[in-house]
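For reference, start.txt (compact mmCIF, N, CA and C atoms):
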```txt
# COMPACT_ATOMS: atom_id res chain seq x y z
N MET A 1 19.14 -27.42 2.24
CA MET A 1 18.79 -28.26 1.12
C MET A 1 17.40 -27.87 0.62
N VAL A 2 17.25 -27.79 -0.68
CA VAL A 2 15.97 -27.43 -1.28
C VAL A 2 15.18 -28.71 -1.51
N SER A 3 13.92 -28.69 -1.12
CA SER A 3 13.05 -29.86 -1.30
C SER A 3 12.91 -30.18 -2.78
N PRO A 4 12.72 -31.47 -3.12
CA PRO A 4 12.49 -31.83 -4.52
C PRO A 4 11.30 -31.07 -5.08
N GLY A 5 11.43 -30.57 -6.28
CA GLY A 5 10.34 -29.84 -6.92
C GLY A 5 10.29 -28.37 -6.56
N VAL A 6 11.14 -27.93 -5.64
CA VAL A 6 11.16 -26.53 -5.25
C VAL A 6 12.49 -25.94 -5.71
N ARG A 7 12.39 -24.87 -6.48
CA ARG A 7 13.61 -24.21 -6.95
C ARG A 7 13.75 -22.86 -6.28
N LYS A 8 14.97 -22.46 -6.08
CA LYS A 8 15.25 -21.16 -5.51
C LYS A 8 14.90 -20.09 -6.54
N MET A 9 14.18 -19.08 -6.08
CA MET A 9 13.85 -17.98 -6.99
C MET A 9 15.12 -17.19 -7.29
N GLU A 10 15.26 -16.81 -8.53
CA GLU A 10 16.42 -16.03 -8.94
C GLU A 10 16.12 -14.54 -8.96
N ARG A 11 14.98 -14.17 -8.44
CA ARG A 11 14.61 -12.75 -8.41
C ARG A 11 13.88 -12.45 -7.11
N ALA A 12 13.77 -11.17 -6.84
CA ALA A 12 13.05 -10.73 -5.64
C ALA A 12 11.59 -10.49 -6.00
N CYS A 13 10.73 -10.77 -5.06
CA CYS A 13 9.30 -10.58 -5.24
C CYS A 13 8.95 -9.14 -4.82
N PRO A 14 8.42 -8.33 -5.75
CA PRO A 14 8.06 -6.96 -5.39
C PRO A 14 6.80 -6.92 -4.53
N ILE A 15 6.80 -6.08 -3.52
CA ILE A 15 5.64 -5.97 -2.63
C ILE A 15 5.31 -4.50 -2.35
N LEU A 16 4.08 -4.28 -1.94
CA LEU A 16 3.64 -3.01 -1.40
C LEU A 16 3.21 -3.27 0.04
N ILE A 17 3.44 -2.34 0.91
CA ILE A 17 3.01 -2.46 2.29
C ILE A 17 1.69 -1.72 2.44
N GLU A 18 0.67 -2.44 2.92
CA GLU A 18 -0.64 -1.81 3.10
C GLU A 18 -0.69 -1.08 4.43
N ILE A 19 -1.16 0.16 4.36
CA ILE A 19 -1.28 1.01 5.54
C ILE A 19 -2.76 1.24 5.82
N LYS A 20 -3.16 1.02 7.05
CA LYS A 20 -4.56 1.21 7.45
C LYS A 20 -4.77 2.64 7.90
N LEU A 21 -5.54 3.39 7.11
CA LEU A 21 -5.80 4.79 7.42
C LEU A 21 -7.27 5.05 7.70
N SER A 22 -8.02 4.00 7.98
CA SER A 22 -9.45 4.11 8.23
C SER A 22 -9.79 3.29 9.47
N ASP A 23 -10.81 3.72 10.19
CA ASP A 23 -11.28 2.97 11.35
C ASP A 23 -12.22 1.83 10.97
N GLU A 24 -12.55 1.71 9.68
CA GLU A 24 -13.49 0.69 9.24
C GLU A 24 -12.94 -0.70 9.53
N PRO A 25 -13.73 -1.58 10.15
CA PRO A 25 -13.24 -2.92 10.48
C PRO A 25 -12.85 -3.75 9.26
N ALA A 26 -13.45 -3.48 8.12
CA ALA A 26 -13.14 -4.26 6.92
C ALA A 26 -11.78 -3.90 6.32
N LYS A 27 -11.21 -2.78 6.73
CA LYS A 27 -9.91 -2.36 6.20
C LYS A 27 -8.80 -3.00 7.03
N SER A 28 -7.68 -3.27 6.36
CA SER A 28 -6.56 -3.88 7.07
C SER A 28 -5.27 -3.17 6.68
N GLY A 29 -4.20 -3.58 7.31
CA GLY A 29 -2.89 -3.01 7.04
C GLY A 29 -2.21 -2.62 8.33
N LEU A 30 -0.99 -2.14 8.19
CA LEU A 30 -0.23 -1.69 9.34
C LEU A 30 -0.63 -0.27 9.70
N GLU A 31 -0.66 0.01 10.97
CA GLU A 31 -1.01 1.35 11.45
C GLU A 31 0.17 2.29 11.21
N PRO A 32 -0.10 3.51 10.72
CA PRO A 32 1.00 4.47 10.57
C PRO A 32 1.58 4.79 11.95
N GLY A 33 2.88 4.90 12.02
CA GLY A 33 3.52 5.20 13.30
C GLY A 33 3.65 4.02 14.23
N SER A 34 3.24 2.84 13.79
CA SER A 34 3.31 1.67 14.67
C SER A 34 4.72 1.11 14.75
N ARG A 35 5.00 0.46 15.84
CA ARG A 35 6.28 -0.22 16.04
C ARG A 35 6.46 -1.31 14.99
N GLU A 36 5.36 -2.00 14.65
CA GLU A 36 5.44 -3.09 13.66
C GLU A 36 5.88 -2.56 12.30
N LEU A 37 5.37 -1.41 11.91
CA LEU A 37 5.76 -0.83 10.62
C LEU A 37 7.24 -0.47 10.62
N ASP A 38 7.69 0.18 11.68
CA ASP A 38 9.11 0.54 11.75
C ASP A 38 10.01 -0.70 11.76
N GLU A 39 9.62 -1.72 12.51
CA GLU A 39 10.42 -2.95 12.54
C GLU A 39 10.47 -3.61 11.17
N LEU A 40 9.35 -3.64 10.49
CA LEU A 40 9.32 -4.24 9.16
C LEU A 40 10.24 -3.49 8.20
N LEU A 41 10.17 -2.18 8.22
CA LEU A 41 11.00 -1.38 7.32
C LEU A 41 12.48 -1.48 7.66
N GLU A 42 12.80 -1.76 8.91
CA GLU A 42 14.20 -1.99 9.29
C GLU A 42 14.71 -3.33 8.77
N ARG A 43 13.85 -4.33 8.78
CA ARG A 43 14.27 -5.70 8.41
C ARG A 43 14.19 -5.99 6.91
N LEU A 44 13.29 -5.36 6.20
CA LEU A 44 13.09 -5.68 4.78
C LEU A 44 14.33 -5.60 3.90
N PRO A 45 15.19 -4.60 4.07
CA PRO A 45 16.36 -4.55 3.19
C PRO A 45 17.26 -5.77 3.27
N ASP A 46 17.22 -6.49 4.37
CA ASP A 46 18.06 -7.67 4.54
C ASP A 46 17.42 -8.94 4.01
N LEU A 47 16.18 -8.84 3.56
CA LEU A 47 15.48 -10.00 2.99
C LEU A 47 15.61 -9.93 1.48
N GLY A 48 16.60 -10.57 0.94
CA GLY A 48 16.91 -10.46 -0.48
C GLY A 48 15.82 -10.94 -1.42
N HIS A 49 14.93 -11.78 -0.95
CA HIS A 49 13.89 -12.33 -1.83
C HIS A 49 12.63 -11.47 -1.86
N ILE A 50 12.62 -10.39 -1.08
CA ILE A 50 11.48 -9.48 -1.06
C ILE A 50 12.00 -8.07 -1.34
N GLN A 51 11.33 -7.38 -2.25
CA GLN A 51 11.73 -6.02 -2.58
C GLN A 51 10.53 -5.09 -2.44
N MET A 52 10.60 -4.22 -1.45
CA MET A 52 9.51 -3.27 -1.27
C MET A 52 9.53 -2.27 -2.41
N ARG A 53 8.34 -1.99 -2.94
CA ARG A 53 8.21 -1.02 -4.02
C ARG A 53 7.45 0.22 -3.60
N GLY A 54 6.78 0.17 -2.44
CA GLY A 54 6.05 1.34 -1.99
C GLY A 54 4.94 0.98 -1.03
N LEU A 55 3.97 1.89 -0.92
CA LEU A 55 2.87 1.75 0.03
C LEU A 55 1.54 1.72 -0.70
N MET A 56 0.53 1.18 -0.02
CA MET A 56 -0.82 1.17 -0.55
C MET A 56 -1.81 1.40 0.57
N THR A 57 -3.00 1.87 0.21
CA THR A 57 -4.09 2.00 1.16
C THR A 57 -5.40 1.93 0.41
N VAL A 58 -6.46 1.70 1.16
CA VAL A 58 -7.83 1.75 0.63
C VAL A 58 -8.55 2.82 1.44
N ALA A 59 -9.10 3.80 0.72
CA ALA A 59 -9.77 4.91 1.38
C ALA A 59 -11.06 4.45 2.04
N PRO A 60 -11.52 5.17 3.04
CA PRO A 60 -12.80 4.83 3.67
C PRO A 60 -13.95 5.03 2.69
N LEU A 61 -15.01 4.26 2.88
CA LEU A 61 -16.22 4.46 2.08
C LEU A 61 -16.90 5.71 2.61
N ASP A 62 -16.90 6.75 1.82
CA ASP A 62 -17.45 8.02 2.26
C ASP A 62 -17.92 8.79 1.03
N GLU A 63 -19.08 9.38 1.11
CA GLU A 63 -19.62 10.16 0.00
C GLU A 63 -18.88 11.47 -0.19
N ASN A 64 -18.21 11.94 0.85
CA ASN A 64 -17.50 13.21 0.78
C ASN A 64 -16.14 13.00 0.13
N PRO A 65 -15.90 13.57 -1.06
CA PRO A 65 -14.61 13.37 -1.72
C PRO A 65 -13.44 13.94 -0.92
N GLU A 66 -13.69 14.91 -0.06
CA GLU A 66 -12.60 15.49 0.73
C GLU A 66 -12.11 14.53 1.82
N THR A 67 -12.99 13.64 2.29
CA THR A 67 -12.57 12.60 3.24
C THR A 67 -11.60 11.64 2.55
N VAL A 68 -11.94 11.26 1.33
CA VAL A 68 -11.07 10.37 0.54
C VAL A 68 -9.75 11.07 0.24
N ARG A 69 -9.83 12.32 -0.18
CA ARG A 69 -8.62 13.10 -0.49
C ARG A 69 -7.69 13.16 0.73
N ALA A 70 -8.25 13.41 1.89
CA ALA A 70 -7.44 13.49 3.12
C ALA A 70 -6.71 12.17 3.38
N CYS A 71 -7.37 11.07 3.13
CA CYS A 71 -6.75 9.75 3.31
C CYS A 71 -5.57 9.59 2.36
N PHE A 72 -5.77 9.92 1.10
CA PHE A 72 -4.69 9.78 0.12
C PHE A 72 -3.54 10.73 0.43
N ARG A 73 -3.87 11.92 0.85
CA ARG A 73 -2.84 12.90 1.21
C ARG A 73 -2.04 12.39 2.42
N GLN A 74 -2.73 11.77 3.37
CA GLN A 74 -2.06 11.22 4.55
C GLN A 74 -1.06 10.13 4.15
N LEU A 75 -1.44 9.26 3.21
CA LEU A 75 -0.51 8.21 2.79
C LEU A 75 0.71 8.82 2.10
N ARG A 76 0.49 9.82 1.26
CA ARG A 76 1.62 10.46 0.58
C ARG A 76 2.57 11.09 1.59
N ARG A 77 2.04 11.75 2.60
CA ARG A 77 2.89 12.37 3.63
C ARG A 77 3.62 11.31 4.45
N LEU A 78 2.91 10.22 4.76
CA LEU A 78 3.56 9.13 5.50
C LEU A 78 4.70 8.55 4.68
N ARG A 79 4.47 8.37 3.38
CA ARG A 79 5.54 7.86 2.51
C ARG A 79 6.77 8.76 2.61
N ASP A 80 6.57 10.06 2.56
CA ASP A 80 7.69 11.00 2.63
C ASP A 80 8.42 10.90 3.97
N GLU A 81 7.67 10.76 5.06
CA GLU A 81 8.28 10.62 6.39
C GLU A 81 9.07 9.31 6.49
N LEU A 82 8.48 8.21 6.03
CA LEU A 82 9.15 6.92 6.10
C LEU A 82 10.40 6.90 5.23
N ALA A 83 10.33 7.52 4.07
CA ALA A 83 11.50 7.57 3.18
C ALA A 83 12.66 8.30 3.85
N ALA A 84 12.36 9.31 4.65
CA ALA A 84 13.41 10.03 5.36
C ALA A 84 14.02 9.19 6.48
N ARG A 85 13.19 8.38 7.15
CA ARG A 85 13.66 7.56 8.28
C ARG A 85 14.25 6.22 7.86
N HIS A 86 13.76 5.68 6.77
CA HIS A 86 14.20 4.35 6.30
C HIS A 86 14.64 4.48 4.85
N ALA A 87 15.76 5.13 4.65
CA ALA A 87 16.20 5.51 3.31
C ALA A 87 16.63 4.34 2.43
N ARG A 88 16.84 3.17 3.00
CA ARG A 88 17.28 2.02 2.19
C ARG A 88 16.14 1.39 1.40
N MET A 89 14.93 1.87 1.58
CA MET A 89 13.76 1.26 0.93
C MET A 89 13.36 2.04 -0.33
N ASP A 90 12.65 1.35 -1.21
CA ASP A 90 12.10 1.95 -2.43
C ASP A 90 10.67 2.38 -2.15
N TYR A 91 10.38 3.64 -2.29
CA TYR A 91 9.04 4.17 -2.05
C TYR A 91 8.43 4.72 -3.34
N GLY A 92 8.87 4.20 -4.48
CA GLY A 92 8.45 4.73 -5.77
C GLY A 92 6.98 4.57 -6.09
N GLU A 93 6.35 3.51 -5.60
CA GLU A 93 4.94 3.27 -5.90
C GLU A 93 4.07 3.71 -4.73
N LEU A 94 2.99 4.35 -5.09
CA LEU A 94 1.99 4.79 -4.12
C LEU A 94 0.65 4.32 -4.67
N SER A 95 0.17 3.19 -4.18
CA SER A 95 -1.05 2.58 -4.71
C SER A 95 -2.24 2.99 -3.86
N MET A 96 -3.04 3.84 -4.44
CA MET A 96 -4.25 4.30 -3.76
C MET A 96 -5.22 4.70 -4.85
N GLY A 97 -6.48 4.46 -4.59
CA GLY A 97 -7.51 4.80 -5.56
C GLY A 97 -8.08 3.55 -6.21
N MET A 98 -9.41 3.52 -6.25
CA MET A 98 -10.12 2.42 -6.89
C MET A 98 -11.11 3.04 -7.86
N SER A 99 -11.98 2.23 -8.43
CA SER A 99 -12.87 2.70 -9.49
C SER A 99 -13.64 3.96 -9.12
N GLY A 100 -14.07 4.10 -7.88
CA GLY A 100 -14.89 5.23 -7.49
C GLY A 100 -14.13 6.48 -7.08
N ASP A 101 -12.82 6.36 -6.90
CA ASP A 101 -12.08 7.53 -6.40
C ASP A 101 -10.69 7.69 -7.02
N PHE A 102 -10.46 7.03 -8.15
CA PHE A 102 -9.11 7.05 -8.70
C PHE A 102 -8.67 8.44 -9.19
N GLU A 103 -9.64 9.28 -9.61
CA GLU A 103 -9.25 10.61 -10.07
C GLU A 103 -8.62 11.41 -8.93
N ILE A 104 -9.24 11.35 -7.76
CA ILE A 104 -8.69 12.04 -6.58
C ILE A 104 -7.33 11.45 -6.23
N ALA A 105 -7.22 10.13 -6.29
CA ALA A 105 -5.95 9.46 -5.96
C ALA A 105 -4.84 9.95 -6.88
N ILE A 106 -5.11 10.05 -8.15
CA ILE A 106 -4.09 10.52 -9.09
C ILE A 106 -3.70 11.96 -8.77
N GLU A 107 -4.69 12.78 -8.46
CA GLU A 107 -4.39 14.17 -8.08
C GLU A 107 -3.50 14.23 -6.85
N GLU A 108 -3.63 13.26 -5.96
CA GLU A 108 -2.85 13.24 -4.72
C GLU A 108 -1.55 12.44 -4.82
N GLY A 109 -1.21 11.97 -6.02
CA GLY A 109 0.09 11.35 -6.22
C GLY A 109 0.12 9.86 -6.44
N SER A 110 -1.02 9.22 -6.61
CA SER A 110 -1.03 7.77 -6.83
C SER A 110 -0.28 7.40 -8.11
N THR A 111 0.49 6.32 -8.03
CA THR A 111 1.18 5.80 -9.21
C THR A 111 0.54 4.50 -9.68
N LEU A 112 -0.29 3.89 -8.85
CA LEU A 112 -1.01 2.66 -9.19
C LEU A 112 -2.45 2.79 -8.70
N VAL A 113 -3.41 2.59 -9.59
CA VAL A 113 -4.81 2.58 -9.19
C VAL A 113 -5.39 1.21 -9.50
N ARG A 114 -6.44 0.86 -8.76
CA ARG A 114 -7.09 -0.43 -8.93
C ARG A 114 -8.51 -0.16 -9.42
N ILE A 115 -8.75 -0.45 -10.70
CA ILE A 115 -10.02 -0.05 -11.32
C ILE A 115 -10.76 -1.24 -11.93
N GLY A 116 -10.71 -2.37 -11.27
CA GLY A 116 -11.38 -3.56 -11.78
C GLY A 116 -12.87 -3.40 -11.97
N THR A 117 -13.55 -2.76 -11.02
CA THR A 117 -15.00 -2.58 -11.14
C THR A 117 -15.34 -1.72 -12.35
N ALA A 118 -14.55 -0.70 -12.62
CA ALA A 118 -14.81 0.16 -13.78
C ALA A 118 -14.64 -0.61 -15.09
N ILE A 119 -13.77 -1.60 -15.10
CA ILE A 119 -13.53 -2.37 -16.31
C ILE A 119 -14.48 -3.56 -16.42
N PHE A 120 -14.61 -4.32 -15.34
CA PHE A 120 -15.35 -5.59 -15.37
C PHE A 120 -16.74 -5.53 -14.77
N GLY A 121 -17.08 -4.45 -14.11
CA GLY A 121 -18.37 -4.34 -13.43
C GLY A 121 -18.26 -4.83 -11.99
N ALA A 122 -19.34 -4.61 -11.27
CA ALA A 122 -19.37 -5.00 -9.85
C ALA A 122 -19.37 -6.52 -9.72
N ARG A 123 -18.77 -6.98 -8.66
CA ARG A 123 -18.79 -8.42 -8.36
C ARG A 123 -20.18 -8.81 -7.86
N PRO A 124 -20.59 -10.04 -8.15
CA PRO A 124 -21.87 -10.48 -7.58
C PRO A 124 -21.75 -10.58 -6.06
N LYS A 125 -22.83 -10.24 -5.38
CA LYS A 125 -22.85 -10.33 -3.92
C LYS A 125 -22.82 -11.80 -3.50
N PRO A 126 -22.01 -12.14 -2.50
CA PRO A 126 -21.99 -13.52 -2.02
C PRO A 126 -23.35 -13.89 -1.40
N GLU A 127 -23.72 -15.10 -1.60
CA GLU A 127 -25.02 -15.56 -1.06
C GLU A 127 -24.88 -16.12 0.32
```
As structure tokens:
Amino acid sequence: MVSPGVRKMERACPILIEIKLSDEPAKSGLEPGSRELDELLERLPDLGHIQMRGLMTVAPLDENPETVRACFRQLRRLRDELAARHARMDYGELSMGMSGDFEIAIEEGSTLVRIGTAIFGARPKPE
């Protein structure tokens, strides 16, 4: 029974799975090659209200553009490996790259970039 005021969604909610490719404590996501990632990808196709659209990551903060490039390349390769093992999923979106590194991300195959700082400016520092 559906609670009053709550309606069943007639569509699936698109999601991206975040993959942690950095040792930085501020970064989050599932570890590549983890049991949790494989279990999630096995179960997702049976959850009709959730539709995976691809993967995302946030590159490490590093002045060396090749460090960032390696991170993006790693996500693209992981996507290819996961698509071969979990073929029932949609891996069309590869979200990587932010205002400071989106050019490299596009070169490495990103289909979605997050460029809020480039458009709106830096966020004020929390006090």
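If you look at atom C of A:Ser110 and atom C of A:Glu10, they are 27.4 Å away from each other.
The list of residues with at least one atom within 6.5 Å of A:Leu112, based on only N, CA and C atoms and without residues fewer than 6 positions apart in the same chain, reads Glu93, Leu94, Ser95, Met96 and Gly97 of chain A.
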Can you work out which one of A:Gly54, A:Gly116, A:Gly109, A:Gly29 has the shortest atom-to-atom distance to A:Phe72, counting all atoms listed in the file? A:Gly109
Which residues in stretch 3-86 of chain A does DSSP call strand (DSSP E or B)? List them as a VMD selection string. chain A and resid 13 to 19 30 50 to 56
Pick out the residues sitting within 5 Å of A:Ala12, and hand them over as JSON, numbers by chain; count all atoms listed in the file, and ignore anything fewer than 6 positions along from it in its own chain. {"A": [49, 50, 51]}
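Checking A:Leu41, A:Cys71, A:Ala105, A:Met52 one by one against A:Arg85, counting all atoms listed in the file, you find the shortest gap at A:Leu41.
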Å distance separating atom N of A:Cys13 from atom N of A:Asp80, one decimal place: 22.6 Å
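Closest approach to A:Leu55 among A:Gln74, A:Ser34, A:Ser99, A:Ser22: A:Gln74, based on only C-alpha atoms.
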Option closest in space to A:Gly100, from A:Asp23, A:Glu31, A:Glu63, A:Glu81 [counting only C-alpha atoms]: A:Glu63
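Pairwise distance (atom C of A:Ile106, atom CA of A:Glu36) equals 28.5 Å.
Distances here use only C-alpha atoms; by that measure, the residue among A:Pro25, A:Arg77, A:Leu61, A:Thr111 closest to A:Gly92 is A:Thr111.
Taking all atoms listed in the file into account, A:Met89 lies nearest to A:Arg53 out of the set A:Ile15, A:Arg53, A:Leu37, A:Pro126.
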Padded axis-aligned box of stretch 76-90 of chain A (3 Å per side), centre and edge lengths, Å, one decimal, as JSON:
```
{"center_x": 8.9, "center_y": 6.8, "center_z": 2.9, "size_x": 22.8, "size_y": 17.1, "size_z": 16.7}
```
Just asking: which residues within chain A are alpha helix (DSSP H) according to DSSP, as an MDAnalysis selection string? chainID A and resid 35:43 65:85 102:107 116:120
